[in-house]
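*Asks:* There's a structure below that I have some questions on.
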Amino acid sequence: MAALATRRSWRSTSGELLGGLLVRVDAFATGLVAAFAGAGVFVVGLADAHARTGGPFALLLFWPGILLIVAPATFLLLRGAALREVVAARSEALVRVPGAIPIERARGFSAGSRAMVVGALAAPVASLRRGRRSALIEDETGILALDLRGRIPLSMEAGTLVAATGRIVERRQHPALRVATGDLRLLRDGRGWTDLGHALRPRPGDAASHARGPATGRLADATEGPAPRRSPSRNERVAMLLIVGLALYLVKLMLSPLGLTGPDELTHWRTLEDILRSGHLFQDNPLLRISPIYPGLEAGAAGAAVTSGLGVFPIAIVLIAVAKLVTVLAVFLIASSVSGSARVAGVATVLYMANPSFLLFDAAFSYESLAIPLALVAIWAILHWTRHDGRVGLHAVLAAIAIAATAVTHHLTSLVFLGLLVTWAVVWFLRDRGRTSGRPIVVAVVWALACNVGWLLIAGTLALSYLSFIVNGGIQELISIVTGTREARQLFAPRAGLATPLPEVVVAYGAVLLLLASLPFLIRHALRSRRPPAIVVVLALAALVYPASLALRFTTLGAEVSQRASEFLFLPIGILGADWLVGRRRTSRRLPKPLIAPILLVIFAGGIVAGAPLLSRLPGTYLVAAEQRSVEPQGIETAAWVLRELGPDNRLIADRTNAKLLGAIGLQYPVTSANEHIGTAFVMFARTLGPNELSVMREARVKYVVVDLRLSTDLPSYPFYFESAEPDAGAHTEPIPIEALQKFEGRPGVTRVYDSGDIRIYDVSELVDAPQ
Amino acid sequence: MPRSKAFEHVALSVLLVVALAAFAVQLAFDQPVGGALGLLLLTVPGYAISRSIGPRPSSWPEILLVTLGATLAIAVLGGTVAGLSPAGLDARTIAIVEVAVLAAIAIAWLRRVVRGRISRTRRLPGQRVALGSLFLAGLGLVLAGAGVVVATRAAQDQQRPGFVQFWSLPARPSIGASVGVRNLSGVPLDCAVTIDRPDRQGLEWNAGAVGQGQTVLGLLPPAEADETAPWRLELSCTGAGDAPIERQVTIEPPR
C-alpha cells in the first residue's frame with residue numbers, strides 16, 4: 001500500500017508539474033485527429049511540391065489536405081452527449097449508492113429531471129440541497145454549474161454536471177456520500193461521462209479504493225449497460241484544437257520552409273536585425289517606419305536570440321508557433337468561460353480559426369501575430385479575475401503583463417483591445433453596477449490606457465497618423481464608391497493571370513452570406529436570456545461590426561483593414577455563433593444538426609479563400625511583383641552581396657521585392673515616398689534620365705539604383721511594381737518598358753558595379769553628387 | 001506536509017535555482033545559454049508564475065495558457081526594457097532582466113509558502129495512454145514530418161534558372177580595384193573576363209574553372225594616368241548549355 005501511495009504521489013506531482021507542458025494523448029479521438037491532421041499536412045506538402053514544379057493539380061491536392069486537417073476535428077468537436085442521452089443510455093449501469101435518496105423523493109426536481117437523474121447523481125445533489133438553496137460552483141471548466149432551486153438544466157453536458165457534483169461531494173464530505181466520492185472523483189478528473197464505463201471497470205490498481213465501500217458489488221454491473229455515444233472530454237477537445245492549430249501553422253511554414261519570405265516578415269526581420277546590431281530600439285526602418293515604434297515582437301525575438309544563440313529563422317518559427325498555441329488555447333478558454341461549455345468552446349475555436357487571417361497572415365513573423373494572442377490572454381485573465389471578486393492574484397498579474405506587452409507590440413491590436421475593455425466597463429457600469437464586482441474591468445481599462453498613452457509618449461505618435469491614414473483613407477474611399485465618384489475594387493480579381501476558380505469564389509461568398517444570415521439569430525440568442533453577462537453584451541456589440549467591416553473590402557486601402565478586423569471580430573462571432581449552434585440554452589431557430597459541420601467547413605474554406613489569394617496560398621515559379629512569389633535566390637544573393645561588398649545603410653532605389661530583400665537581408669536604405677515622401681518610383685518609370693529625375697535622385701541622395709529587368713516582362717501581380725505612389729499604380733495595362741530600366745546604361749557618372757543577369761546595380765553617386 | 005506538496009516545492013525550487021544559475025552564467029560570461037535549452041529557460045518564469053501565485057490553475061490547458069502567455073509577455077517586456085536601457089539589449093541585459101523576474105517570482109512564492117497560502121495541490125488525472133491513440137498520434141506526427149520534409153526538399157530542389165554574379169569594386173584603402181565572379185548556376189563553369197578600354201589596349205583575365213557556389217576574385221591593374229574613359233568588363237562563362245553566360249559591368253578607370 002505504501003509503495004502504491006508513493007507511486008501515486010510521484011505520478012500526481014509530476015503530472016502537476018508537467019501538466020502545463022504536456023499534451024496528453026489520452027483518448028482515441030485525439031489520436032484520430034492527430035493522424036488525420038498529419039495526413040493533411042502530408043497532402044498539403046505534396047501540393048506544395050507539385051506547385052513548385054508548375055504542376056496543374058496542386059490546388060486539387062491542397063483542399064483535401066486542408067479538409068483532412070480540419071474536418072475530423074470539427075465533426076468530433078460537435079459531438080457532445082446531452083445529459084438526457086447519457087443517462088438514458090446508462091440508466092441501468094449507474095452506480096447506485098447505498099443510502100442515497102431515491103430520485104422520487106428528491107424534491108424540487110421537475111418530472112423530466114427525475115426521469116433522468118438517478119442514483120449517484122441524485123444523492124449528492126439532493127443531500128446538498130438540504131443545506132443550501134443553490135450551489136454555484138466554479139470548476140476548471142469555468143462553469144457555474146447547478147441551480148438547485150428546483151431545476152437542473154436539462155441539456156447540460158453530463159461531464160459538466162458530474163464534475164460539479166464531484167466537487168460538491170468533495171467539499172461537503174457528507175458521510176453517506178463518501179463512498180461515492182472515489183468514483184465521482186474519477187469522473188471529475190477530466191474523464192467525463194464518456195469514460196464512465198472504463199472508470200468503473202474493476203482494475204487491479206483500483207481494487208483497494210473500491211473495496212472501501214459497499215458500492216463495490218455494484219461496480220461490475222456498471223459495465224453491462226449500453227455504451228453512450230462517444231464524445232470527447234474537455235481536455236481532448238483542447239488537444240484536438242491544438243493539433244489542428246499547429247497543423248495549419250505547418251501549412252504556412254511549408255510555403256517557405258527555407259526562410260522568411262513574406263513582405264511583412266522581411267519588414268520585421270529588418271527591425272530585428274537593427275535591434276541585434278545596435279542593441280537599442282527605435283532604429284529607423286525604411287521598409288515600415290511604424291515597425292520599430294512597436295518593437296515587442298522583435299525585442300522578444302532578440303532576447304530569445306541572444307539567450308539561445310539561434311538564428312532569426314528558427315527563433316521566428318518557434319515564437320510564432322507558440323503564439324499560435326496560445327491563440328487557440330486562449331480562444332477556447334475564453335469561450336469556455338463565457339459559455340460554460342467545452343463543446344461550445346471547441347466549436348467557437350473552430351469558427352475563430354475560420355477567420356481569413358488565421359491561416360497565413362497571423363502565422364507570419366509579424367507584430368500582429370504576437371499581439372493577438374497576448375490580447376486574448378489578457379481577456380481570459382480579466383474574465384477570471386472578475387470571477388475571483390477582483391482579488392489580486394495570478395489573473396491580475398497575467399492581465400497586467402499581457403496588456404503591457406500588447407501595448408508595445410502592435411498599435412491596432414492594443415487600440416481595439418482598449419476599445420473592447422472600455423465598452424465592457426461601460427456595459428458593466430450601466431447594467432451590473434452594484435451587482436457584480438467590476439473592479440478588475442475598471443483597473444484593466446485604466447492600466448491599458450496608461451500603457452498605451454505611456455508608450456505613445458515614449459515612442460512617439462507616428463502610430464496615430466499611420467492608423468488614421470489607413471482607416472480614414474478606407475472610409476473616404478468607401479464614401480466615394482457609394483456616391484459613385486469612384487469604382488469599387490474588384491473582388492477576386494485575377495493576379496498574374498491566376499484567376500480564383502469559380503468554386504472557390506462561390507464558397508467564399510457562401511461563407512460570408514452564411515455568417516451574415518446567422519448574425520441576427522446568434523445575437524438574438526445571446527441576448528435572449530433575462531440578464532446576459534456584460535461580456536456577452538460586449539461580444540454581441542462587437543459582432544455587429546462585422547457587416548460594416550465587409551464593406552471596406554470594396555476599397556483598396558480599407559481591404560487591409562477589413563482583413564485585419566476579421567481576426568478580432570471572429571472572436572465574438574465564434575463564441576456567440578457556437579453558443580447558438582450547439583449551446584445548452586434552447587432556441588427556437590437553430591440549424592439542423594446534420595448541417596452544422598458542413599456549414600462550419602464552408603465558412604472555414606471561405607475564410608481561406610478570402611484571406612489567402614491563390615497566388616500566396618501555394619508556392620511556385622517566379623512572378624513579377626508578387627510578394628513572396630517574387631522572392632527567389634537571385635534577389636536574396638544580390639541582397640547578401642550588397643551587404644558583404646558595399647556595406648550597410650546605403651541609400652538606393654529598388655522595386656518593391658528587391659527593396660524588401662535589400663532592406664532585410666542587405667540592411668540597405670531603400671528611399672521611397674512612404675519613408676521619405678520622395679517619389680523615387682517616378683525616376684524608374686521615366687524612359688530617359690531628365691532633369692526632373694536627376695532632381696529627385698539628388699533630393700533622395702541615392703548612391704545606388706537596383707534594376708530588375710524581369711519587371712519589364714509582365715504586369716505586376718499586386719497593384720504596383722515599386723510602391724503605391726508610382727505612375728498608373730493599380731491600373732497598369734502594360735509592363736514597364738525595358739528602355740526605362742536600361743536608361744542608366746552608358747550615362748556619364750553612372751557605373752554598373754554588379755550584374756547577375758536579371759538584376760543590375762548601378763553606382764550613381766558621381767552623377768548625384770556632381771555640381772548642378 | 002503531504003509528500004506530493006513537498007516534492008512540488010523541491011521541484012519548483014530546483015527549477016528556479018537552475019534557471020537563475022543559467023542566467024547568472026550568461027550574465028557573468030556574456031555568452032548565450034545556447035540552443036533549445038536557452039529557449040526552454042525562457043519559459044521557466046511563465047511556468048513559475050503559474051505555480052507560485054494563486055489562485056493556481058488546475059487543469060493542463062489553463063497551466064499551459066498561463067505558462068506560454070506569461071512567457072511571451074515576459075519575453076516581450078524583458079526585451080523592451082533591455083532595449084530601452086542605456087546598456088542596450090544583449091545577452092547580459094537579458095540575463096539581468098530574467099534574473100530579476102525569477103527572483104521576484106521566487107520571493108513571492110517563498111512568502112506564500114511561509115504563510116501557508118499555497119493552495120492544496122489538486123490531483124491531476126493519472127496518465128492513461130491508450131495504445132491505439134498513441135499509435136495514431138505517432139502516425140500523424142510521422143506523416144506531418146514527412147509532409148514538411150517533402151515540402152522542404154521541393155523548395156531546395158526547385159528548378160530556378162541558375163545565375164552568375166559578376167561585379168567590380170573600386171579601389172579601397174587596403175585593396176586595389178577588384179573584379180569578382182560567383183558561380184550559382186548549378187554546374188561548374190569556365191570563365192574569362194575581357195576588359196575593354198576605349199582607345200587603349202584591352203586586357204584579359206582568365207578566371208579559369210569556377211565550381212558551383214565558388215567565388216573567384218581578381219585585382220585589376222591600375223589605369224594609366226591620363227586614362228579617363230570608363231572600362232567595360234565583360235564576363236563570359238561556358239559550361240552551362242550551348243550559349244555562354246555573359247555579364248557586364250562598367251567602372252571608372254581604377255587608380
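Every chain in the C-alpha cells has a letter given in the order shown (A, B, ...), and although residue numbers restart at 1 in each chain, ligands are simply numbered from 1 in the order shown.
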Taking the backbone alone, and naming residues the way the document does, which bits of region 621-687 of chain A are strand (DSSP E or B) by DSSP, as a list in words?
*Replies:* Arg651, Leu652, Ile653, Tyr669 and Pro670 of chain A
*Asks:* Only N, CA and C atoms, please: the residues just picked out, written as a PDB file, in the first residue's frame.
*Replies:*
ATOM      1  N   ARG A 651      21.887  54.370 -49.366  1.00  0.00           N
ATOM      2  CA  ARG A 651      20.586  54.826 -49.865  1.00  0.00           C
ATOM      3  C   ARG A 651      20.452  54.407 -51.328  1.00  0.00           C
ATOM      4  N   LEU A 652      19.336  53.821 -51.666  1.00  0.00           N
ATOM      5  CA  LEU A 652      19.190  53.294 -53.032  1.00  0.00           C
ATOM      6  C   LEU A 652      17.726  53.274 -53.469  1.00  0.00           C
ATOM      7  N   ILE A 653      17.540  53.013 -54.740  1.00  0.00           N
ATOM      8  CA  ILE A 653      16.193  52.835 -55.303  1.00  0.00           C
ATOM      9  C   ILE A 653      16.087  51.395 -55.789  1.00  0.00           C
ATOM     10  N   TYR A 669      19.090  51.021 -47.302  1.00  0.00           N
ATOM     11  CA  TYR A 669      18.044  52.011 -47.043  1.00  0.00           C
ATOM     12  C   TYR A 669      17.369  52.388 -48.361  1.00  0.00           C
ATOM     13  N   PRO A 670      16.353  51.628 -48.776  1.00  0.00           N
ATOM     14  CA  PRO A 670      15.631  51.994 -49.999  1.00  0.00           C
ATOM     15  C   PRO A 670      14.802  53.263 -49.748  1.00  0.00           C
TER      16      PRO A 670
END
*Asks:* Find the residues around region 234-241 of chain B up to 8 Å (only C-alpha atoms counted), leave out those fewer than 6 positions away in its own chain, and share them as a ChimeraX atom specification.
*Replies:* /B:166,185,187-196,247-249
*Asks:* Smallest atom-to-atom distance to chain A: which of B:Ala108, B:Ala225, B:Val14, B:Leu136, using only C-alpha atoms?
*Replies:* B:Leu136
*Asks:* So how far away is CA of Cys451 (chain A) from CA of Arg111 (chain B), in Å?
*Replies:*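 Atom-to-atom, CA of Arg111 (chain B) and CA of Cys451 (chain A) are spaced 28.7 Å apart.
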*Asks:* Set the distance at 12 Å and use only C-alpha atoms: which residues neighbour Glu560 (chain A) once local chain neighbours fewer than 5 positions away are removed? I'd like the list as JSON, numbers by chain.
*Replies:* {"A": [356, 357, 361, 467, 470, 471, 473, 474, 549, 550, 551, 552, 553, 554, 555, 565, 566, 567, 610, 611]}
*Asks:* For region 414-416 of chain A, work out the shell of residues within 8 Å, counting only C-alpha atoms and skipping chain neighbours fewer than 6 positions away, then give it as a VMD selection string.
*Replies:* chain A and resid 371 375 403 406 to 407 452
*Asks:* Might you pull out every residue within 8 Å of Ala106 (chain B), with only C-alpha atoms counted and same-chain residues fewer than 3 positions away left off, and present them as a ChimeraX atom specification?
*Replies:* /B:16,52,102-103,109-110
*Asks:* Filtering to all heavy atoms, could you give me those residues as a short mmCIF file (atom, residue, chain, number, x, y, z; two decimals), in the first residue's frame?
*Replies:*
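That gives us again.cif:
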data_model
loop_
_atom_site.label_atom_id
_atom_site.label_comp_id
_atom_site.auth_asym_id
_atom_site.auth_seq_id
_atom_site.Cartn_x
_atom_site.Cartn_y
_atom_site.Cartn_z
N LEU B 16 13.79 26.81 -10.35
CA LEU B 16 14.13 28.23 -10.21
C LEU B 16 15.64 28.41 -10.04
O LEU B 16 16.25 29.31 -10.64
CB LEU B 16 13.39 28.84 -9.01
CG LEU B 16 11.90 29.11 -9.22
CD1 LEU B 16 11.22 29.47 -7.91
CD2 LEU B 16 11.70 30.24 -10.22
N SER B 52 3.25 29.66 -8.61
CA SER B 52 3.61 30.33 -7.35
C SER B 52 2.64 31.41 -6.93
O SER B 52 2.70 31.88 -5.81
CB SER B 52 5.02 30.93 -7.47
OG SER B 52 5.06 31.84 -8.53
N LEU B 102 12.84 36.22 -12.19
CA LEU B 102 12.86 34.96 -11.45
C LEU B 102 12.99 35.20 -9.95
O LEU B 102 12.34 34.52 -9.14
CB LEU B 102 14.02 34.08 -11.94
CG LEU B 102 13.81 33.41 -13.29
CD1 LEU B 102 15.11 32.82 -13.82
CD2 LEU B 102 12.76 32.31 -13.18
N ALA B 103 13.81 36.16 -9.59
CA ALA B 103 13.99 36.46 -8.17
C ALA B 103 12.68 36.97 -7.57
O ALA B 103 12.29 36.56 -6.46
CB ALA B 103 15.10 37.49 -7.99
N TRP B 109 6.78 33.46 -4.17
CA TRP B 109 6.45 32.07 -3.87
C TRP B 109 6.86 31.71 -2.44
O TRP B 109 6.10 31.07 -1.70
CB TRP B 109 7.17 31.18 -4.90
CG TRP B 109 6.94 29.72 -4.68
CD1 TRP B 109 5.74 29.07 -4.71
CD2 TRP B 109 7.92 28.75 -4.39
NE1 TRP B 109 5.93 27.75 -4.48
CE2 TRP B 109 7.26 27.52 -4.28
CE3 TRP B 109 9.30 28.78 -4.24
CZ2 TRP B 109 7.93 26.33 -3.99
CZ3 TRP B 109 9.97 27.62 -3.97
CH2 TRP B 109 9.29 26.40 -3.84
N LEU B 110 8.06 32.12 -2.04
CA LEU B 110 8.53 31.82 -0.69
C LEU B 110 7.62 32.46 0.36
O LEU B 110 7.33 31.84 1.39
CB LEU B 110 9.97 32.32 -0.51
CG LEU B 110 11.04 31.42 -1.15
CD1 LEU B 110 12.41 32.07 -1.07
CD2 LEU B 110 11.06 30.05 -0.49
#
